[in-house]
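For reference, work_37.pdb is printed below; it contains PDB, C-alpha atoms and all ligand atoms.
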```pdb
MODEL        1
ATOM      1  CA  MET A   1     -18.301 -42.640  51.943
ATOM      2  CA  SER A   2     -20.000 -39.247  51.610
ATOM      3  CA  LEU A   3     -20.305 -37.371  48.342
ATOM      4  CA  SER A   4     -18.605 -33.999  48.326
ATOM      5  CA  VAL A   5     -21.228 -31.455  47.224
ATOM      6  CA  LEU A   6     -21.075 -27.914  45.892
ATOM      7  CA  LEU A   7     -24.410 -26.329  46.878
ATOM      8  CA  ASN A   8     -25.402 -23.185  44.959
ATOM      9  CA  GLY A   9     -27.963 -20.987  46.775
ATOM     10  CA  ALA A  10     -26.778 -22.291  50.142
ATOM     11  CA  ASN A  11     -28.198 -19.353  52.147
ATOM     12  CA  GLY A  12     -31.771 -19.755  50.879
ATOM     13  CA  ARG A  13     -34.680 -21.689  52.430
ATOM     14  CA  MET A  14     -33.974 -24.802  50.363
ATOM     15  CA  GLY A  15     -30.197 -24.410  50.729
ATOM     16  CA  LYS A  16     -30.563 -24.437  54.503
ATOM     17  CA  ALA A  17     -32.977 -27.375  54.441
ATOM     18  CA  ILE A  18     -30.518 -29.405  52.333
ATOM     19  CA  GLN A  19     -27.608 -28.591  54.669
ATOM     20  CA  SER A  20     -29.664 -29.628  57.709
ATOM     21  CA  ILE A  21     -30.083 -33.230  56.492
ATOM     22  CA  ALA A  22     -27.229 -33.788  54.000
ATOM     23  CA  GLU A  23     -25.171 -36.104  56.209
ATOM     24  CA  GLU A  24     -28.148 -38.435  56.776
ATOM     25  CA  HIS A  25     -28.168 -38.896  52.988
ATOM     26  CA  ALA A  26     -24.481 -39.680  52.456
ATOM     27  CA  CYS A  27     -23.635 -36.133  51.336
ATOM     28  CA  LYS A  28     -21.243 -33.569  52.762
ATOM     29  CA  ILE A  29     -21.944 -29.975  51.735
ATOM     30  CA  LYS A  30     -18.280 -29.119  51.482
ATOM     31  CA  TYR A  31     -18.751 -26.072  49.263
ATOM     32  CA  PRO A  32     -21.850 -24.056  50.245
ATOM     33  CA  ILE A  33     -21.904 -20.973  47.991
ATOM     34  CA  ASP A  34     -24.286 -18.098  47.385
ATOM     35  CA  VAL A  35     -24.314 -14.724  45.575
ATOM     36  CA  GLY A  36     -20.832 -13.207  45.450
ATOM     37  CA  ASP A  37     -18.923 -16.375  46.432
ATOM     38  CA  ASN A  38     -16.196 -17.760  44.192
ATOM     39  CA  PRO A  39     -17.146 -21.261  42.986
ATOM     40  CA  ASN A  40     -13.757 -22.113  41.439
ATOM     41  CA  GLU A  41     -12.183 -24.204  44.210
ATOM     42  CA  GLY A  42     -15.439 -26.061  44.920
ATOM     43  CA  ILE A  43     -16.231 -26.869  41.315
ATOM     44  CA  LYS A  44     -12.794 -28.426  40.807
ATOM     45  CA  ASN A  45     -12.982 -30.622  43.897
ATOM     46  CA  CYS A  46     -16.643 -31.591  44.334
ATOM     47  CA  ASP A  47     -18.274 -34.875  43.222
ATOM     48  CA  VAL A  48     -21.631 -33.282  42.353
ATOM     49  CA  VAL A  49     -23.300 -29.860  42.126
ATOM     50  CA  ILE A  50     -26.745 -29.060  43.577
ATOM     51  CA  ASP A  51     -28.433 -25.815  42.460
ATOM     52  CA  PHE A  52     -31.325 -24.319  44.456
ATOM     53  CA  SER A  53     -30.610 -20.664  43.690
ATOM     54  CA  LEU A  54     -32.781 -18.312  41.666
ATOM     55  CA  ARG A  55     -33.406 -18.095  37.931
ATOM     56  CA  ASP A  56     -30.215 -16.057  37.239
ATOM     57  CA  GLY A  57     -27.920 -18.454  39.096
ATOM     58  CA  THR A  58     -28.517 -21.713  37.248
ATOM     59  CA  LEU A  59     -26.876 -21.201  33.832
ATOM     60  CA  GLN A  60     -23.549 -19.999  35.225
ATOM     61  CA  ILE A  61     -23.162 -22.906  37.663
ATOM     62  CA  ALA A  62     -24.322 -25.420  35.038
ATOM     63  CA  GLU A  63     -21.715 -24.081  32.572
ATOM     64  CA  LEU A  64     -19.022 -24.468  35.236
ATOM     65  CA  ALA A  65     -20.217 -28.007  35.973
ATOM     66  CA  GLN A  66     -19.887 -28.723  32.253
ATOM     67  CA  SER A  67     -16.334 -27.309  32.092
ATOM     68  CA  PHE A  68     -15.237 -29.559  34.963
ATOM     69  CA  GLU A  69     -17.403 -32.554  33.898
ATOM     70  CA  LYS A  70     -19.383 -32.646  37.142
ATOM     71  CA  PRO A  71     -22.901 -34.093  37.420
ATOM     72  CA  ILE A  72     -25.564 -31.575  38.434
ATOM     73  CA  VAL A  73     -28.932 -31.628  40.227
ATOM     74  CA  ILE A  74     -31.135 -28.586  39.567
ATOM     75  CA  GLY A  75     -34.151 -27.657  41.685
ATOM     76  CA  THR A  76     -34.388 -23.999  40.706
ATOM     77  CA  THR A  77     -37.548 -22.995  38.823
ATOM     78  CA  GLY A  78     -38.902 -19.947  36.971
ATOM     79  CA  HIS A  79     -36.646 -19.954  33.871
ATOM     80  CA  THR A  80     -37.948 -18.812  30.494
ATOM     81  CA  LYS A  81     -38.195 -21.390  27.686
ATOM     82  CA  ASP A  82     -35.002 -19.999  26.069
ATOM     83  CA  GLU A  83     -33.068 -20.119  29.351
ATOM     84  CA  ARG A  84     -34.298 -23.651  29.935
ATOM     85  CA  LYS A  85     -33.148 -24.736  26.507
ATOM     86  CA  LEU A  86     -29.614 -23.364  27.044
ATOM     87  CA  ILE A  87     -29.345 -25.103  30.420
ATOM     88  CA  GLU A  88     -30.767 -28.392  29.140
ATOM     89  CA  GLU A  89     -28.208 -28.464  26.282
ATOM     90  CA  ILE A  90     -25.497 -28.834  28.930
ATOM     91  CA  SER A  91     -26.913 -32.300  29.664
ATOM     92  CA  ASN A  92     -25.381 -33.446  26.341
ATOM     93  CA  ASN A  93     -22.057 -33.340  28.183
ATOM     94  CA  VAL A  94     -22.824 -34.039  31.860
ATOM     95  CA  PRO A  95     -25.505 -36.038  33.687
ATOM     96  CA  MET A  96     -28.251 -33.650  34.883
ATOM     97  CA  VAL A  97     -31.337 -34.242  37.027
ATOM     98  CA  TRP A  98     -33.730 -31.306  36.728
ATOM     99  CA  ALA A  99     -37.044 -31.446  38.558
ATOM    100  CA  GLY A 100     -39.530 -28.706  39.384
ATOM    101  CA  ASN A 101     -40.655 -30.873  42.302
ATOM    102  CA  PHE A 102     -38.350 -33.299  44.129
ATOM    103  CA  SER A 103     -40.996 -34.815  46.401
ATOM    104  CA  THR A 104     -41.342 -38.586  46.103
ATOM    105  CA  GLY A 105     -45.109 -38.329  46.597
ATOM    106  CA  VAL A 106     -45.610 -35.745  43.847
ATOM    107  CA  ASN A 107     -43.552 -37.803  41.405
ATOM    108  CA  LEU A 108     -45.710 -40.790  42.262
ATOM    109  CA  LEU A 109     -48.749 -38.569  41.634
ATOM    110  CA  PHE A 110     -47.335 -37.766  38.149
ATOM    111  CA  PHE A 111     -46.890 -41.489  37.485
ATOM    112  CA  LEU A 112     -50.381 -42.423  38.736
ATOM    113  CA  THR A 113     -51.959 -39.576  36.764
ATOM    114  CA  GLN A 114     -50.256 -40.889  33.600
ATOM    115  CA  GLN A 115     -51.657 -44.359  34.274
ATOM    116  CA  VAL A 116     -55.214 -43.217  35.082
ATOM    117  CA  ALA A 117     -55.299 -40.723  32.187
ATOM    118  CA  LYS A 118     -54.369 -43.535  29.777
ATOM    119  CA  VAL A 119     -57.327 -45.647  30.942
ATOM    120  CA  LEU A 120     -59.790 -42.770  31.329
ATOM    121  CA  GLY A 121     -59.170 -41.078  27.965
ATOM    122  CA  PRO A 122     -61.744 -38.918  26.098
ATOM    123  CA  GLU A 123     -63.756 -41.983  24.998
ATOM    124  CA  SER A 124     -64.241 -43.046  28.649
ATOM    125  CA  ASP A 125     -66.618 -40.168  29.527
ATOM    126  CA  PHE A 126     -64.606 -39.104  32.609
ATOM    127  CA  ASP A 127     -63.913 -35.365  33.012
ATOM    128  CA  PRO A 128     -60.416 -34.422  34.284
ATOM    129  CA  GLU A 129     -60.031 -31.399  36.595
ATOM    130  CA  ILE A 130     -57.072 -30.239  38.705
ATOM    131  CA  VAL A 131     -57.358 -28.375  41.993
ATOM    132  CA  GLU A 132     -54.262 -26.998  43.698
ATOM    133  CA  MET A 133     -53.895 -25.086  46.984
ATOM    134  CA  HIS A 134     -50.945 -23.051  48.228
ATOM    135  CA  HIS A 135     -50.090 -20.450  50.864
ATOM    136  CA  ARG A 136     -51.111 -16.820  50.510
ATOM    137  CA  PHE A 137     -47.558 -15.698  49.522
ATOM    138  CA  LYS A 138     -47.339 -17.738  46.313
ATOM    139  CA  LYS A 139     -47.000 -15.444  43.318
ATOM    140  CA  ASP A 140     -47.660 -17.713  40.329
ATOM    141  CA  ALA A 141     -50.712 -19.752  39.360
ATOM    142  CA  PRO A 142     -51.227 -22.504  38.500
ATOM    143  CA  SER A 143     -48.251 -24.035  40.331
ATOM    144  CA  GLY A 144     -45.431 -25.646  38.330
ATOM    145  CA  THR A 145     -46.643 -29.004  39.635
ATOM    146  CA  ALA A 146     -50.205 -28.344  38.425
ATOM    147  CA  ASP A 147     -48.760 -27.315  35.038
ATOM    148  CA  ARG A 148     -46.970 -30.665  34.790
ATOM    149  CA  LEU A 149     -50.185 -32.536  35.735
ATOM    150  CA  LEU A 150     -52.079 -30.612  33.036
ATOM    151  CA  GLU A 151     -49.343 -31.450  30.522
ATOM    152  CA  ILE A 152     -49.587 -35.170  31.396
ATOM    153  CA  ILE A 153     -53.369 -35.186  30.881
ATOM    154  CA  LEU A 154     -53.197 -33.195  27.627
ATOM    155  CA  GLN A 155     -50.465 -35.487  26.246
ATOM    156  CA  SER A 156     -52.531 -38.580  27.032
ATOM    157  CA  ARG A 157     -55.487 -37.055  25.138
ATOM    158  CA  ASN A 158     -53.441 -35.632  22.241
ATOM    159  CA  SER A 159     -54.944 -32.274  23.193
ATOM    160  CA  SER A 160     -53.489 -28.772  23.285
ATOM    161  CA  GLU A 161     -53.309 -26.066  25.954
ATOM    162  CA  GLN A 162     -56.393 -24.461  24.396
ATOM    163  CA  GLU A 163     -58.535 -27.133  26.060
ATOM    164  CA  ILE A 164     -57.529 -25.932  29.556
ATOM    165  CA  SER A 165     -60.232 -24.003  31.395
ATOM    166  CA  HIS A 166     -58.693 -21.929  34.223
ATOM    167  CA  GLY A 167     -61.407 -21.359  36.819
ATOM    168  CA  ARG A 168     -64.999 -20.687  35.769
ATOM    169  CA  GLN A 169     -67.225 -17.689  36.329
ATOM    170  CA  GLY A 170     -70.366 -16.129  34.932
ATOM    171  CA  ILE A 171     -72.213 -18.432  32.552
ATOM    172  CA  PRO A 172     -69.524 -20.525  30.872
ATOM    173  CA  GLY A 173     -72.152 -23.010  29.682
ATOM    174  CA  GLU A 174     -72.049 -26.776  29.945
ATOM    175  CA  ARG A 175     -68.665 -28.411  30.286
ATOM    176  CA  LYS A 176     -67.204 -29.277  26.863
ATOM    177  CA  PRO A 177     -66.127 -32.920  26.412
ATOM    178  CA  ASN A 178     -62.458 -32.012  25.730
ATOM    179  CA  GLU A 179     -62.119 -29.493  28.538
ATOM    180  CA  VAL A 180     -59.488 -29.963  31.281
ATOM    181  CA  GLY A 181     -60.282 -27.769  34.305
ATOM    182  CA  SER A 182     -57.594 -26.072  36.420
ATOM    183  CA  HIS A 183     -58.320 -24.289  39.700
ATOM    184  CA  ALA A 184     -55.889 -22.485  42.045
ATOM    185  CA  LEU A 185     -56.831 -21.849  45.708
ATOM    186  CA  ARG A 186     -54.665 -19.553  47.859
ATOM    187  CA  GLY A 187     -54.596 -18.968  51.601
ATOM    188  CA  GLY A 188     -52.823 -19.203  54.947
ATOM    189  CA  ASP A 189     -49.725 -21.359  55.228
ATOM    190  CA  ILE A 190     -50.672 -24.323  52.998
ATOM    191  CA  VAL A 191     -47.353 -25.857  51.830
ATOM    192  CA  GLY A 192     -48.939 -27.391  48.703
ATOM    193  CA  GLU A 193     -51.840 -29.648  47.777
ATOM    194  CA  HIS A 194     -52.750 -31.088  44.377
ATOM    195  CA  THR A 195     -55.816 -33.123  43.475
ATOM    196  CA  VAL A 196     -56.424 -34.691  40.076
ATOM    197  CA  LEU A 197     -60.087 -35.504  39.667
ATOM    198  CA  PHE A 198     -61.587 -37.745  36.997
ATOM    199  CA  ALA A 199     -65.362 -37.281  37.314
ATOM    200  CA  GLY A 200     -67.673 -39.727  35.568
ATOM    201  CA  MET A 201     -71.439 -40.253  35.652
ATOM    202  CA  GLY A 202     -72.185 -41.951  38.986
ATOM    203  CA  GLU A 203     -68.567 -42.232  40.178
ATOM    204  CA  ARG A 204     -65.284 -40.331  40.381
ATOM    205  CA  ILE A 205     -61.618 -40.949  41.088
ATOM    206  CA  GLU A 206     -59.513 -38.448  43.040
ATOM    207  CA  LEU A 207     -55.722 -38.594  43.337
ATOM    208  CA  THR A 208     -54.447 -36.225  46.038
ATOM    209  CA  HIS A 209     -51.001 -35.272  47.296
ATOM    210  CA  ARG A 210     -50.573 -33.077  50.389
ATOM    211  CA  ALA A 211     -47.186 -31.607  51.282
ATOM    212  CA  THR A 212     -46.840 -30.661  54.941
ATOM    213  CA  ASP A 213     -43.096 -29.938  55.150
ATOM    214  CA  ARG A 214     -40.577 -28.475  52.656
ATOM    215  CA  ILE A 215     -37.942 -30.971  53.824
ATOM    216  CA  ILE A 216     -39.401 -33.479  51.308
ATOM    217  CA  PHE A 217     -37.846 -31.457  48.454
ATOM    218  CA  ALA A 218     -34.438 -31.492  50.173
ATOM    219  CA  ILE A 219     -34.594 -35.272  50.696
ATOM    220  CA  GLY A 220     -35.460 -35.770  47.008
ATOM    221  CA  ALA A 221     -32.612 -33.548  45.805
ATOM    222  CA  LEU A 222     -30.082 -35.469  47.932
ATOM    223  CA  LYS A 223     -31.446 -38.795  46.618
ATOM    224  CA  ALA A 224     -31.000 -37.416  43.095
ATOM    225  CA  ALA A 225     -27.397 -36.382  43.882
ATOM    226  CA  ASN A 226     -26.529 -39.937  44.985
ATOM    227  CA  TRP A 227     -28.210 -41.341  41.866
ATOM    228  CA  VAL A 228     -26.788 -38.991  39.234
ATOM    229  CA  VAL A 229     -23.090 -39.494  40.043
ATOM    230  CA  SER A 230     -23.046 -42.913  38.356
ATOM    231  CA  LYS A 231     -25.033 -41.897  35.261
ATOM    232  CA  GLN A 232     -23.999 -41.128  31.688
ATOM    233  CA  PRO A 233     -24.517 -37.579  30.366
ATOM    234  CA  GLY A 234     -28.205 -36.903  29.743
ATOM    235  CA  LEU A 235     -31.250 -35.085  31.052
ATOM    236  CA  TYR A 236     -33.053 -37.034  33.782
ATOM    237  CA  SER A 237     -36.222 -36.384  35.767
ATOM    238  CA  MET A 238     -37.080 -37.253  39.375
ATOM    239  CA  GLN A 239     -39.283 -40.006  37.961
ATOM    240  CA  ASP A 240     -36.111 -41.543  36.467
ATOM    241  CA  VAL A 241     -34.394 -41.311  39.866
ATOM    242  CA  LEU A 242     -37.327 -43.073  41.541
ATOM    243  CA  GLY A 243     -37.757 -45.656  38.759
ATOM    244  CA  LEU A 244     -41.278 -44.400  38.060
ATOM    245  CA  THR A 245     -41.171 -44.230  34.280
ATOM    246  CA  ALA A 246     -44.292 -45.515  32.570
TER     247      ALA A 246
HETATM  248  P1  LIG B 301     -34.697 -18.505  48.447
HETATM  249  O1  LIG B 301     -35.025 -17.182  47.836
HETATM  250  O2  LIG B 301     -34.964 -18.729  49.895
HETATM  251  O3  LIG B 301     -33.137 -18.824  48.200
HETATM  252  C1  LIG B 301     -32.461 -18.623  47.002
HETATM  253  C2  LIG B 301     -30.973 -18.448  47.350
HETATM  254  O4  LIG B 301     -30.256 -18.381  46.118
HETATM  255  C3  LIG B 301     -30.685 -17.152  48.117
HETATM  256  O5  LIG B 301     -29.819 -17.404  49.208
HETATM  257  C4  LIG B 301     -30.013 -16.266  47.074
HETATM  258  O6  LIG B 301     -29.074 -15.349  47.627
HETATM  259  C5  LIG B 301     -29.328 -17.310  46.210
HETATM  260  N1  LIG B 301     -29.016 -16.831  44.867
HETATM  261  C6  LIG B 301     -29.741 -15.995  44.087
HETATM  262  N2  LIG B 301     -29.092 -15.761  42.936
HETATM  263  C7  LIG B 301     -27.948 -16.469  42.990
HETATM  264  C8  LIG B 301     -26.851 -16.623  42.099
HETATM  265  N3  LIG B 301     -26.822 -15.977  40.933
HETATM  266  N4  LIG B 301     -25.852 -17.439  42.463
HETATM  267  C9  LIG B 301     -25.857 -18.082  43.666
HETATM  268  N5  LIG B 301     -26.862 -17.955  44.565
HETATM  269  C10 LIG B 301     -27.886 -17.157  44.216
HETATM  270  O7  LIG B 301     -35.442 -19.579  47.568
HETATM  271  P2  LIG B 301     -35.782 -21.107  47.973
HETATM  272  O8  LIG B 301     -37.128 -21.176  48.569
HETATM  273  O9  LIG B 301     -34.612 -21.685  48.690
HETATM  274  O10 LIG B 301     -35.919 -21.754  46.514
HETATM  275  C11 LIG B 301     -34.834 -21.749  45.626
HETATM  276  C12 LIG B 301     -35.314 -22.220  44.263
HETATM  277  O11 LIG B 301     -35.774 -23.578  44.357
HETATM  278  C13 LIG B 301     -36.506 -21.437  43.709
HETATM  279  O12 LIG B 301     -36.369 -21.338  42.314
HETATM  280  C14 LIG B 301     -37.716 -22.295  44.071
HETATM  281  O13 LIG B 301     -38.813 -22.096  43.217
HETATM  282  C15 LIG B 301     -37.115 -23.661  43.880
HETATM  283  N6  LIG B 301     -37.767 -24.747  44.605
HETATM  284  C16 LIG B 301     -37.778 -25.952  43.991
HETATM  285  C17 LIG B 301     -38.273 -27.067  44.629
HETATM  286  C18 LIG B 301     -38.212 -28.407  43.940
HETATM  287  O14 LIG B 301     -38.652 -29.419  44.496
HETATM  288  N7  LIG B 301     -37.636 -28.444  42.728
HETATM  289  C19 LIG B 301     -38.801 -26.945  45.919
HETATM  290  C20 LIG B 301     -38.770 -25.708  46.540
HETATM  291  C21 LIG B 301     -38.234 -24.614  45.869
ENDMDL
END
```
Please go through the file and, once you have read it, give me the structure as structure tokens.
Amino acid sequence: MSLSVLLNGANGRMGKAIQSIAEEHACKIKYPIDVGDNPNEGIKNCDVVIDFSLRDGTLQIAELAQSFEKPIVIGTTGHTKDERKLIEEISNNVPMVWAGNFSTGVNLLFFLTQQVAKVLGPESDFDPEIVEMHHRFKKDAPSGTADRLLEIILQSRNSSEQEISHGRQGIPGERKPNEVGSHALRGGDIVGEHTVLFAGMGERIELTHRATDRIIFAIGALKAANWVVSKQPGLYSMQDVLGLTA
């Protein structure tokens, strides 16, 4: 049996991608809504809410999901820390999967980076650097995915954001032992590439993910919708959905 889904942001690029494959993933987008639509009938009758709108759309739909005790999957990004906190508090009352990247491959990259960073810590003499590439239209840098990779490496080293070196120019001097490099390349139509490099003396390890189609995010969000409907209230990540917790 298909899940009955309320999809917020249905007219956007991700909204359309989700609608194009929903039925292959046991979901029926019964209530596709966007700016100006009334969510009341859908929120009462749906099994699960999926939000791929914009920053301003998430809190309102999450509050409605809370009022009607509906599980929610959030893919929208770009919220401030305060907005994020308000939205995350709703997960005390309903199950919520919130992921800045729903691709299976990227979540595996997070997991592998955690594992490698544990082994190749500061005492190992391997230097971590992140290189990401995106299309020429992308407005922010580094990407949210690169930010998460940086966070994983810093956590494993008990380091702070001050150790991040964004790009290098001029005469920055020799690389400091605690530095974590971050480099953003922009051009053409690149969907998204992330490489985590651990460079040692005489050898290096590179973990790379290349996205070639946005449909991977839609597939991940629909997987999360099927997963979250049987969960207790709480805040879950895509790594939880995929069983990739360290
Ligand atoms: P988009 O601009 O193409 O679509 C956004 C849609 O949301 C539009 O149709 C817009 O009218 C609608 N919208 C805006 N405000 C709304 C509101 N208050 N209520 C209801 N609908 C509203 O954007 P997109 O490329 O589809 O991406 C949507 C969001 O998903 C962005 O935040 C983007 O960064 C994020 N995203 C996340 C992932 C992931 O894997 N988590 C992947 C791709 C994009």
Of the candidates A:Asp47, A:Glu179, A:Glu123, A:Asp213, which one gets nearest to ligand LIG 301 (chain B) if we count all atoms listed in the file? A:Asp213
Expand the PyMOL selection byres (((not hetatm)) within 7 of (chain B and resi 301)) into the individual residues it matches in the shown file, reporting them as a list in words. Asn8, Gly9, Ala10, Asn11, Gly12, Arg13, Met14, Gly15, Ile33, Asp34, Val35, Phe52, Ser53, Leu54, Arg55, Asp56, Gly57, Gly75, Thr76, Thr77, Gly78, Ala99, Gly100, Asn101, Phe102, Ser103, Arg214 and Phe217 of chain A
Might you pull out every residue within 12 Å of Glu41 in chain A, with all atoms listed in the file counted and same-chain residues fewer than 5 positions away left off, and present them as a PyMOL selection string? chain A and resi 5-6+30-33+46+64+68
Take the point (-23.5, -41.2, 56.0) as written in the file and pick out every residue within 12 Å of it, counting only C-alpha atoms; give the list as a PDB file with C-alpha atoms, in the coordinates of the input.
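Writing the result to out.pdb gives the following:
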```pdb
ATOM      1  CA  MET A   1     -18.301 -42.640  51.943  1.00  0.00           C
ATOM      2  CA  SER A   2     -20.000 -39.247  51.610  1.00  0.00           C
ATOM      3  CA  LEU A   3     -20.305 -37.371  48.342  1.00  0.00           C
ATOM      4  CA  SER A   4     -18.605 -33.999  48.326  1.00  0.00           C
ATOM      5  CA  ILE A  21     -30.083 -33.230  56.492  1.00  0.00           C
ATOM      6  CA  ALA A  22     -27.229 -33.788  54.000  1.00  0.00           C
ATOM      7  CA  GLU A  23     -25.171 -36.104  56.209  1.00  0.00           C
ATOM      8  CA  GLU A  24     -28.148 -38.435  56.776  1.00  0.00           C
ATOM      9  CA  HIS A  25     -28.168 -38.896  52.988  1.00  0.00           C
ATOM     10  CA  ALA A  26     -24.481 -39.680  52.456  1.00  0.00           C
ATOM     11  CA  CYS A  27     -23.635 -36.133  51.336  1.00  0.00           C
ATOM     12  CA  LYS A  28     -21.243 -33.569  52.762  1.00  0.00           C
ATOM     13  CA  LEU A 222     -30.082 -35.469  47.932  1.00  0.00           C
ATOM     14  CA  ASN A 226     -26.529 -39.937  44.985  1.00  0.00           C
TER      15      ASN A 226
END
```
When you draw a straight line from CA of Phe198 in chain A to CA of Val241 in chain A, how long is it in Å? 27.6 Å
Residues in the PyMOL selection byres (((chain A and resi 130) around 9) and not hetatm), expressed as a list in words: Pro128, Glu129, Val131, Glu132, Ala146, Leu149, Leu150, Val180, Gly181, Ser182, His183, Ala184, His194, Thr195, Val196, Leu197 and Phe198 of chain A
With 12 Å as the threshold, what does the neighbourhood of (-34.3, -42.0, 35.6) contain in terms of residues, counting only C-alpha atoms? Coordinates are those of the file; answer as a tab-separated table (two decimals) with C-alpha atoms, in the frame of the given file.
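For reference, result39.tsv as written:
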```tsv
chain	number	residue	atom	x	y	z
A	95	PRO	CA	-25.50	-36.04	33.69
A	96	MET	CA	-28.25	-33.65	34.88
A	97	VAL	CA	-31.34	-34.24	37.03
A	98	TRP	CA	-33.73	-31.31	36.73
A	99	ALA	CA	-37.04	-31.45	38.56
A	107	ASN	CA	-43.55	-37.80	41.40
A	223	LYS	CA	-31.45	-38.80	46.62
A	224	ALA	CA	-31.00	-37.42	43.10
A	227	TRP	CA	-28.21	-41.34	41.87
A	228	VAL	CA	-26.79	-38.99	39.23
A	230	SER	CA	-23.05	-42.91	38.36
A	231	LYS	CA	-25.03	-41.90	35.26
A	232	GLN	CA	-24.00	-41.13	31.69
A	233	PRO	CA	-24.52	-37.58	30.37
A	234	GLY	CA	-28.20	-36.90	29.74
A	235	LEU	CA	-31.25	-35.08	31.05
A	236	TYR	CA	-33.05	-37.03	33.78
A	237	SER	CA	-36.22	-36.38	35.77
A	238	MET	CA	-37.08	-37.25	39.38
A	239	GLN	CA	-39.28	-40.01	37.96
A	240	ASP	CA	-36.11	-41.54	36.47
A	241	VAL	CA	-34.39	-41.31	39.87
A	242	LEU	CA	-37.33	-43.07	41.54
A	243	GLY	CA	-37.76	-45.66	38.76
A	244	LEU	CA	-41.28	-44.40	38.06
A	245	THR	CA	-41.17	-44.23	34.28
A	246	ALA	CA	-44.29	-45.52	32.57
```
Find the residues near Gln155 in chain A: any atom within 10 Å, counting all atoms listed in the file, skip ones fewer than 5 places away on the same chain, and give them as JSON, numbers by chain. {"A": [114, 117, 118, 149, 150, 160, 161]}
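Minimum distance to Ile152 in chain A across A:Ser165, A:Asn40, A:Thr113, A:Ser67 (counting only C-alpha atoms) occurs at A:Thr113.
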Atoms added to range 9-23 of chain A (N, CA and C atoms), reported as a CSV table (one decimal), keeping the file's coordinate frame:
```
chain,number,residue,atom,x,y,z
A,9,GLY,N,-26.7,-21.5,46.1
A,9,GLY,CA,-28.0,-21.0,46.8
A,9,GLY,C,-28.0,-21.5,48.2
A,10,ALA,N,-26.9,-21.7,48.8
A,10,ALA,CA,-26.8,-22.3,50.1
A,10,ALA,C,-27.5,-21.5,51.3
A,11,ASN,N,-27.6,-20.2,51.1
A,11,ASN,CA,-28.2,-19.4,52.1
A,11,ASN,C,-29.7,-19.3,52.1
A,12,GLY,N,-30.3,-19.8,51.1
A,12,GLY,CA,-31.8,-19.8,50.9
A,12,GLY,C,-32.5,-20.8,51.7
A,13,ARG,N,-33.9,-20.7,51.6
A,13,ARG,CA,-34.7,-21.7,52.4
A,13,ARG,C,-34.3,-23.1,52.1
A,14,MET,N,-34.3,-23.4,50.8
A,14,MET,CA,-34.0,-24.8,50.4
A,14,MET,C,-32.5,-25.1,50.7
A,15,GLY,N,-31.6,-24.2,50.4
A,15,GLY,CA,-30.2,-24.4,50.7
A,15,GLY,C,-30.0,-24.8,52.2
A,16,LYS,N,-30.7,-24.1,53.1
A,16,LYS,CA,-30.6,-24.4,54.5
A,16,LYS,C,-31.2,-25.8,54.8
A,17,ALA,N,-32.3,-26.1,54.2
A,17,ALA,CA,-33.0,-27.4,54.4
A,17,ALA,C,-32.1,-28.5,54.0
A,18,ILE,N,-31.4,-28.4,52.8
A,18,ILE,CA,-30.5,-29.4,52.3
A,18,ILE,C,-29.3,-29.6,53.3
A,19,GLN,N,-28.8,-28.5,53.8
A,19,GLN,CA,-27.6,-28.6,54.7
A,19,GLN,C,-28.0,-29.3,56.0
A,20,SER,N,-29.3,-29.1,56.4
A,20,SER,CA,-29.7,-29.6,57.7
A,20,SER,C,-29.8,-31.2,57.7
A,21,ILE,N,-29.9,-31.8,56.5
A,21,ILE,CA,-30.1,-33.2,56.5
A,21,ILE,C,-29.1,-34.0,55.6
A,22,ALA,N,-28.1,-33.2,55.0
A,22,ALA,CA,-27.2,-33.8,54.0
A,22,ALA,C,-26.5,-35.0,54.5
A,23,GLU,N,-26.0,-35.0,55.7
A,23,GLU,CA,-25.2,-36.1,56.2
A,23,GLU,C,-26.0,-37.4,56.4
```
